[in-house]
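Engineer: Just so it is clear, I am handing over work_33.txt, which has compact mmCIF, C-alpha atoms.
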# COMPACT_ATOMS: atom_id res chain seq x y z
CA MET O 119 0.00 0.00 0.00
CA THR O 120 1.36 3.43 -0.93
CA HIS O 121 1.71 6.32 1.51
CA GLN O 122 -1.18 8.10 -0.23
CA GLN O 123 -3.43 5.05 0.04
CA GLN O 124 -2.63 4.73 3.75
CA ILE O 125 -3.68 8.34 4.34
CA LEU O 126 -6.86 8.08 2.29
CA ARG O 127 -7.95 4.98 4.21
CA ARG O 128 -7.94 6.82 7.53
CA ARG O 129 -11.31 6.82 9.28
CA CYS O 130 -11.56 10.37 10.60
CA TRP O 131 -11.64 13.38 8.29
CA ILE O 132 -11.56 16.94 9.60
CA PHE O 133 -12.11 19.77 7.15
CA ASP O 134 -11.53 23.47 7.09
CA LEU O 135 -14.65 25.16 5.71
CA ASP O 136 -14.06 28.41 3.82
CA GLY O 137 -11.96 27.89 0.70
CA THR O 138 -11.78 24.13 1.28
CA LEU O 139 -15.34 22.80 1.23
CA THR O 140 -16.51 26.07 -0.32
CA LEU O 141 -15.25 28.27 -3.12
CA ALA O 142 -12.74 30.83 -1.89
CA VAL O 143 -14.44 34.25 -1.70
CA HIS O 144 -12.59 35.74 1.26
CA ASP O 145 -10.43 38.79 0.54
CA PHE O 146 -8.50 38.80 3.79
CA ALA O 147 -6.68 42.04 3.01
CA ALA O 148 -10.04 43.75 2.58
CA ILE O 149 -11.37 42.17 5.78
CA ARG O 150 -8.32 43.34 7.75
CA ALA O 151 -8.80 46.85 6.35
CA ALA O 152 -12.49 46.84 7.27
CA LEU O 153 -11.57 45.90 10.83
CA GLY O 154 -9.00 48.68 11.09
CA MET O 155 -5.93 46.47 11.08
CA THR O 156 -2.85 48.42 10.07
CA ASP O 157 -0.10 45.81 10.33
CA ASN O 158 0.60 42.74 8.23
CA ASP O 159 -0.34 40.16 10.87
CA PRO O 160 -2.56 37.64 9.02
CA ASP O 161 -4.21 36.48 12.25
CA ILE O 162 -7.44 38.49 12.53
CA LEU O 163 -8.60 36.68 15.67
CA ARG O 164 -5.33 37.35 17.45
CA PHE O 165 -5.66 41.04 16.57
CA LEU O 166 -9.20 41.20 17.95
CA ALA O 167 -8.13 39.43 21.13
CA SER O 168 -5.50 42.10 21.71
CA LEU O 169 -8.04 44.95 21.83
CA PRO O 170 -9.84 46.39 24.84
CA ALA O 171 -13.10 44.55 25.51
CA ALA O 172 -15.53 47.15 24.18
CA GLU O 173 -13.52 47.77 21.02
CA ALA O 174 -13.05 44.05 20.46
CA ALA O 175 -16.81 43.44 20.79
CA ALA O 176 -17.61 46.12 18.20
CA ARG O 177 -15.12 44.76 15.71
CA HIS O 178 -16.24 41.19 16.34
CA SER O 179 -19.74 42.28 15.40
CA ARG O 180 -18.42 43.80 12.18
CA LEU O 181 -16.48 40.60 11.44
CA ILE O 182 -19.65 38.52 11.84
CA GLU O 183 -21.47 40.83 9.43
CA ILE O 184 -18.70 40.36 6.88
CA GLU O 185 -18.75 36.58 7.36
CA TYR O 186 -22.49 36.38 6.71
CA GLU O 187 -22.05 38.53 3.59
CA LEU O 188 -19.38 36.14 2.32
CA ALA O 189 -21.48 33.06 3.10
CA ALA O 190 -24.18 34.41 0.78
CA ARG O 191 -21.70 34.62 -2.10
CA THR O 192 -20.04 31.22 -1.96
CA ALA O 193 -20.86 27.72 -3.24
CA ALA O 194 -19.67 24.19 -2.65
CA ALA O 195 -16.15 23.58 -3.89
CA PRO O 196 -15.71 21.27 -6.90
CA GLY O 197 -15.79 17.69 -5.68
CA ALA O 198 -17.05 18.50 -2.16
CA ILE O 199 -20.38 16.70 -2.50
CA ARG O 200 -18.81 13.69 -4.18
CA LEU O 201 -16.04 13.39 -1.58
CA LEU O 202 -18.34 13.75 1.42
CA ASP O 203 -20.80 11.27 -0.08
CA LEU O 204 -18.02 8.72 -0.55
CA LEU O 205 -16.81 9.23 3.02
CA SER O 206 -20.36 8.89 4.31
CA ARG O 207 -20.90 5.66 2.40
CA ARG O 208 -17.61 4.35 3.76
CA GLY O 209 -18.69 5.05 7.34
CA SER O 210 -16.02 7.65 8.01
CA GLN O 211 -16.28 10.23 10.75
CA VAL O 212 -16.34 13.77 9.33
CA GLY O 213 -16.05 17.08 11.11
CA ILE O 214 -15.25 20.73 10.54
CA LEU O 215 -12.73 22.88 12.35
CA THR O 216 -13.13 26.53 11.38
CA ARG O 217 -11.95 29.90 12.63
CA ASN O 218 -15.46 31.08 11.87
CA THR O 219 -18.31 30.71 14.38
CA ARG O 220 -20.30 27.50 14.50
CA GLU O 221 -23.47 29.44 13.68
CA ILE O 222 -22.00 30.92 10.52
CA ALA O 223 -20.52 27.54 9.59
CA LEU O 224 -23.96 25.93 9.87
CA HIS O 225 -25.45 28.76 7.83
CA THR O 226 -22.77 28.40 5.16
CA LEU O 227 -23.17 24.61 4.96
CA THR O 228 -26.91 25.03 4.49
CA GLN O 229 -26.35 27.67 1.81
CA VAL O 230 -24.04 25.41 -0.22
CA GLY O 231 -25.95 22.14 0.26
CA LEU O 232 -23.48 20.32 2.51
CA ARG O 233 -25.23 20.62 5.86
CA HIS O 234 -26.61 17.05 5.93
CA PHE O 235 -23.14 15.50 5.93
CA PHE O 236 -22.18 16.87 9.36
CA ALA O 237 -23.51 16.33 12.87
CA PRO O 238 -23.79 19.72 14.64
CA GLU O 239 -21.49 18.57 17.44
CA ALA O 240 -18.80 17.74 14.87
CA ILE O 241 -18.61 21.38 13.77
CA LEU O 242 -16.22 23.37 15.95
CA GLY O 243 -15.79 27.09 15.55
CA ARG O 244 -13.72 29.71 17.32
CA ASP O 245 -16.04 29.68 20.35
CA GLU O 246 -15.91 25.91 20.88
CA ALA O 247 -12.14 25.44 20.68
CA ALA O 248 -8.99 27.52 20.58
CA PRO O 249 -8.63 28.81 17.00
CA LYS O 250 -6.34 27.05 14.55
CA PRO O 251 -3.41 26.47 14.54
CA HIS O 252 -3.98 25.43 18.16
CA PRO O 253 -4.73 21.66 18.11
CA GLU O 254 -7.46 21.70 20.78
CA GLY O 255 -10.28 21.35 18.25
CA ILE O 256 -8.80 18.27 16.61
CA ALA O 257 -8.22 16.69 20.02
CA MET O 258 -11.85 17.37 20.96
CA LEU O 259 -13.20 15.77 17.80
CA LEU O 260 -10.98 12.71 18.06
CA ASP O 261 -11.90 12.25 21.71
CA ALA O 262 -15.60 12.41 20.82
CA TRP O 263 -15.05 9.84 18.08
CA GLY O 264 -12.92 7.57 20.25
CA SER O 265 -10.10 7.80 17.75
CA ARG O 266 -6.43 8.76 17.51
CA PRO O 267 -4.37 11.19 15.42
CA ASP O 268 -2.83 8.34 13.42
CA ASP O 269 -6.29 7.49 12.06
CA ALA O 270 -7.17 11.08 11.17
CA VAL O 271 -6.68 13.56 8.33
CA MET O 272 -6.85 17.37 8.40
CA VAL O 273 -7.85 18.89 5.06
CA GLY O 274 -7.46 22.59 4.35
CA ASP O 275 -6.42 25.34 1.97
CA TYR O 276 -4.32 27.56 4.24
CA LEU O 277 -1.25 27.53 6.46
CA PHE O 278 -3.22 27.35 9.71
CA ASP O 279 -4.95 24.16 8.54
CA LEU O 280 -1.67 22.41 7.86
CA GLN O 281 -0.09 23.70 11.06
CA VAL O 282 -2.98 22.47 13.20
CA GLY O 283 -2.79 19.02 11.63
CA ARG O 284 0.92 18.83 12.30
CA ALA O 285 0.45 20.06 15.87
CA ALA O 286 -2.25 17.44 16.50
CA GLY O 287 -0.30 14.60 14.86
CA THR O 288 -2.74 13.91 12.03
CA ALA O 289 -2.00 13.54 8.34
CA THR O 290 -2.43 16.78 6.40
CA ILE O 291 -3.88 17.40 2.95
CA HIS O 292 -3.41 20.76 1.24
CA VAL O 293 -6.12 21.75 -1.24
CA ASP O 294 -4.94 24.56 -3.54
CA SER O 295 -6.76 25.30 -6.79
CA SER O 296 -3.76 27.32 -8.00
CA SER O 297 -1.45 24.32 -7.46
CA ALA O 298 1.12 26.67 -5.92
CA PHE O 299 1.32 24.51 -2.75
CA ARG O 300 3.23 27.08 -0.72
CA TRP O 301 3.89 24.91 2.33
CA PRO O 302 5.10 21.53 1.04
CA GLU O 303 6.92 20.74 4.27
CA LEU O 304 3.59 20.76 6.12
CA ALA O 305 1.51 18.70 3.69
CA ASP O 306 1.46 14.92 3.37
CA LEU O 307 -0.68 15.19 0.23
CA ALA O 308 -1.40 18.12 -2.07
CA VAL O 309 -4.32 18.32 -4.50
CA ALA O 310 -5.86 21.01 -6.66
CA THR O 311 -9.46 19.88 -6.05
CA LEU O 312 -11.49 17.67 -3.76
CA ASP O 313 -12.34 15.62 -6.83
CA GLU O 314 -8.74 14.38 -6.78
CA LEU O 315 -9.30 13.05 -3.26
CA ALA O 316 -12.54 11.42 -4.35
CA GLU O 317 -10.72 9.73 -7.20
CA GLY O 318 -8.17 8.43 -4.73
CA LEU O 319 -10.89 6.96 -2.54
CA THR O 320 -12.36 5.06 -5.45
CA ALA O 321 -9.03 3.84 -6.86
What would you get if you wrote out this structure as structure tokens?

Structural biologist:
Amino acid sequence: MTHQQQILRRRCWIFDLDGTLTLAVHDFAAIRAALGMTDNDPDILRFLASLPAAEAAARHSRLIEIEYELAARTAAAPGAIRLLDLLSRRGSQVGILTRNTREIALHTLTQVGLRHFFAPEAILGRDEAAPKPHPEGIAMLLDAWGSRPDDAVMVGDYLFDLQVGRAAGTATIHVDSSSAFRWPELADLAVATLDELAEGLTA
């Protein structure tokens, strides 16, 4: 069995949401500008956490508004339905770990037609677990599933997704429609679309 086959046969699959299961519509530079961020720190949540409570609350509210606006503009990523259907038929555990809120994640999943694949308790947002790249969310999901990191995969499109998988000890899969694959040292597999993963499951 090849290394790729070993990874694809793992039982537990944890997905990032925005840009992984959905089409990428986030302009993070624009979001940072809208929130009044003036430095180049890519971590919006860390910035908000550094503010005084009243200011942080106001900007959190603005962030939630932006996130709902983006949810209305996105769609399921190519191959998402096929991949999740295959995992469901196989009896795999599937979950989502997002830096969004659980409420917005549920709204987004409903919008794009993927909601029925995920149990609500298997969707962890920034209020349920420490935000990625902290591995708490993965540990929580695996504990709930009675599983271990060596039987799990973290799938995502951004650095934080790969870092959290590494920190938790899972396999990591980088999904990048541009095929630039900027962090090869952090990815066990790299694919341009979720259809490629689906093809691997059926091989």

Engineer: Write out as a list of chain:residue names which residues come within 12 Å of His225 (chain O) when counting all atoms listed in the file, dropping same-chain ones fewer than 3 positions away.

Structural biologist: O:Leu135, O:Glu185, O:Tyr186, O:Glu187, O:Leu188, O:Ala189, O:Ala190, O:Thr192, O:Asn218, O:Thr219, O:Arg220, O:Glu221, O:Ile222, O:Thr228, O:Gln229, O:Val230, O:Gly231, O:Leu232, O:Arg233, O:His234, O:Pro238, O:Ile241

Engineer: Give me the residues near region 254-263 of chain O as a count of residues only, where near means some atom within 8 Å (using only C-alpha atoms) and where sequence neighbours in that chain fewer than 5 positions away do not count.

Structural biologist: 14

Engineer: Extract, using only C-alpha atoms, all DNA, RNA and protein residues at most 10 Å from region 160-171 of chain O, discarding same-chain residues fewer than 2 positions from it, and format them as a tab-separated table (two decimals) with C-alpha atoms, in the frame of the given file.

Structural biologist:
chain	number	residue	atom	x	y	z
O	146	PHE	CA	-8.50	38.80	3.79
O	147	ALA	CA	-6.68	42.04	3.01
O	149	ILE	CA	-11.37	42.17	5.78
O	150	ARG	CA	-8.32	43.34	7.75
O	153	LEU	CA	-11.57	45.90	10.83
O	154	GLY	CA	-9.00	48.68	11.09
O	155	MET	CA	-5.93	46.47	11.08
O	157	ASP	CA	-0.10	45.81	10.33
O	158	ASN	CA	0.60	42.74	8.23
O	173	GLU	CA	-13.52	47.77	21.02
O	174	ALA	CA	-13.05	44.05	20.46
O	175	ALA	CA	-16.81	43.44	20.79
O	176	ALA	CA	-17.61	46.12	18.20
O	177	ARG	CA	-15.12	44.76	15.71
O	178	HIS	CA	-16.24	41.19	16.34
O	181	LEU	CA	-16.48	40.60	11.44
O	217	ARG	CA	-11.95	29.90	12.63
O	218	ASN	CA	-15.46	31.08	11.87
O	244	ARG	CA	-13.72	29.71	17.32
O	249	PRO	CA	-8.63	28.81	17.00
O	250	LYS	CA	-6.34	27.05	14.55
O	278	PHE	CA	-3.22	27.35	9.71

Engineer: List the neighbours of Glu317 (chain O) out to 10 Å using all atoms listed in the file; skip same-chain residues closer than 4 positions along the sequence, and give me the result as a PyMOL selection string.

Structural biologist: chain O and resi 197+200-201+204+312-313+321

Engineer: With only C-alpha atoms as the basis for distance, which of O:Ser297, O:Thr226, O:Thr216, O:Gln123 is at the shortest distance from Ala316 (chain O)?

Structural biologist: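 For Ala316 (chain O), the nearest of the candidates is O:Gln123.
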
Engineer: Using only C-alpha atoms for the distances, tell me which of O:Leu126, O:Ile182, O:Leu202, O:Ala270 is nearest to Leu307 (chain O).

Structural biologist: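 Using only C-alpha atoms, Leu307 (chain O) sits closest to O:Leu126.
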
Engineer: Between O:Ala142, O:Leu205, O:Leu227, O:Ala172, which has the minimum distance to Arg128 (chain O) (counting only C-alpha atoms)?

Structural biologist: O:Leu205

Engineer: Work out how far CA of Pro253 (chain O) is from CA of Asp136 (chain O), in Å to one decimal.

Structural biologist: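 Distance reported for this atom pair: 18.4 Å.
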
Engineer: Could you check which residues have any atom within 8 Å of (-0.8, 15.0, 12.6), counting all atoms listed in the file with coordinates taken straight from the file, and then list them as a ChimeraX atom specification?

Structural biologist: /O:267-268,270-272,282-290

Engineer: Do you have the CA of Arg300 (chain O)-CA of Asp279 (chain O) distance handy?

Structural biologist: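 Computing the Euclidean distance for CA of Arg300 (chain O) and CA of Asp279 (chain O) yields 12.7 Å.
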
Engineer: Save region 227-257 of chain O from what I just supplied, as a short mmCIF file (atom, residue, chain, number, x, y, z; two decimals), in the first residue's frame, atoms limited to C-alpha atoms.

Structural biologist:
data_model
loop_
_atom_site.label_atom_id
_atom_site.label_comp_id
_atom_site.auth_asym_id
_atom_site.auth_seq_id
_atom_site.Cartn_x
_atom_site.Cartn_y
_atom_site.Cartn_z
CA LEU O 227 -23.17 24.61 4.96
CA THR O 228 -26.91 25.03 4.49
CA GLN O 229 -26.35 27.67 1.81
CA VAL O 230 -24.04 25.41 -0.22
CA GLY O 231 -25.95 22.14 0.26
CA LEU O 232 -23.48 20.32 2.51
CA ARG O 233 -25.23 20.62 5.86
CA HIS O 234 -26.61 17.05 5.93
CA PHE O 235 -23.14 15.50 5.93
CA PHE O 236 -22.18 16.87 9.36
CA ALA O 237 -23.51 16.33 12.87
CA PRO O 238 -23.79 19.72 14.64
CA GLU O 239 -21.49 18.57 17.44
CA ALA O 240 -18.80 17.74 14.87
CA ILE O 241 -18.61 21.38 13.77
CA LEU O 242 -16.22 23.37 15.95
CA GLY O 243 -15.79 27.09 15.55
CA ARG O 244 -13.72 29.71 17.32
CA ASP O 245 -16.04 29.68 20.35
CA GLU O 246 -15.91 25.91 20.88
CA ALA O 247 -12.14 25.44 20.68
CA ALA O 248 -8.99 27.52 20.58
CA PRO O 249 -8.63 28.81 17.00
CA LYS O 250 -6.34 27.05 14.55
CA PRO O 251 -3.41 26.47 14.54
CA HIS O 252 -3.98 25.43 18.16
CA PRO O 253 -4.73 21.66 18.11
CA GLU O 254 -7.46 21.70 20.78
CA GLY O 255 -10.28 21.35 18.25
CA ILE O 256 -8.80 18.27 16.61
CA ALA O 257 -8.22 16.69 20.02
#
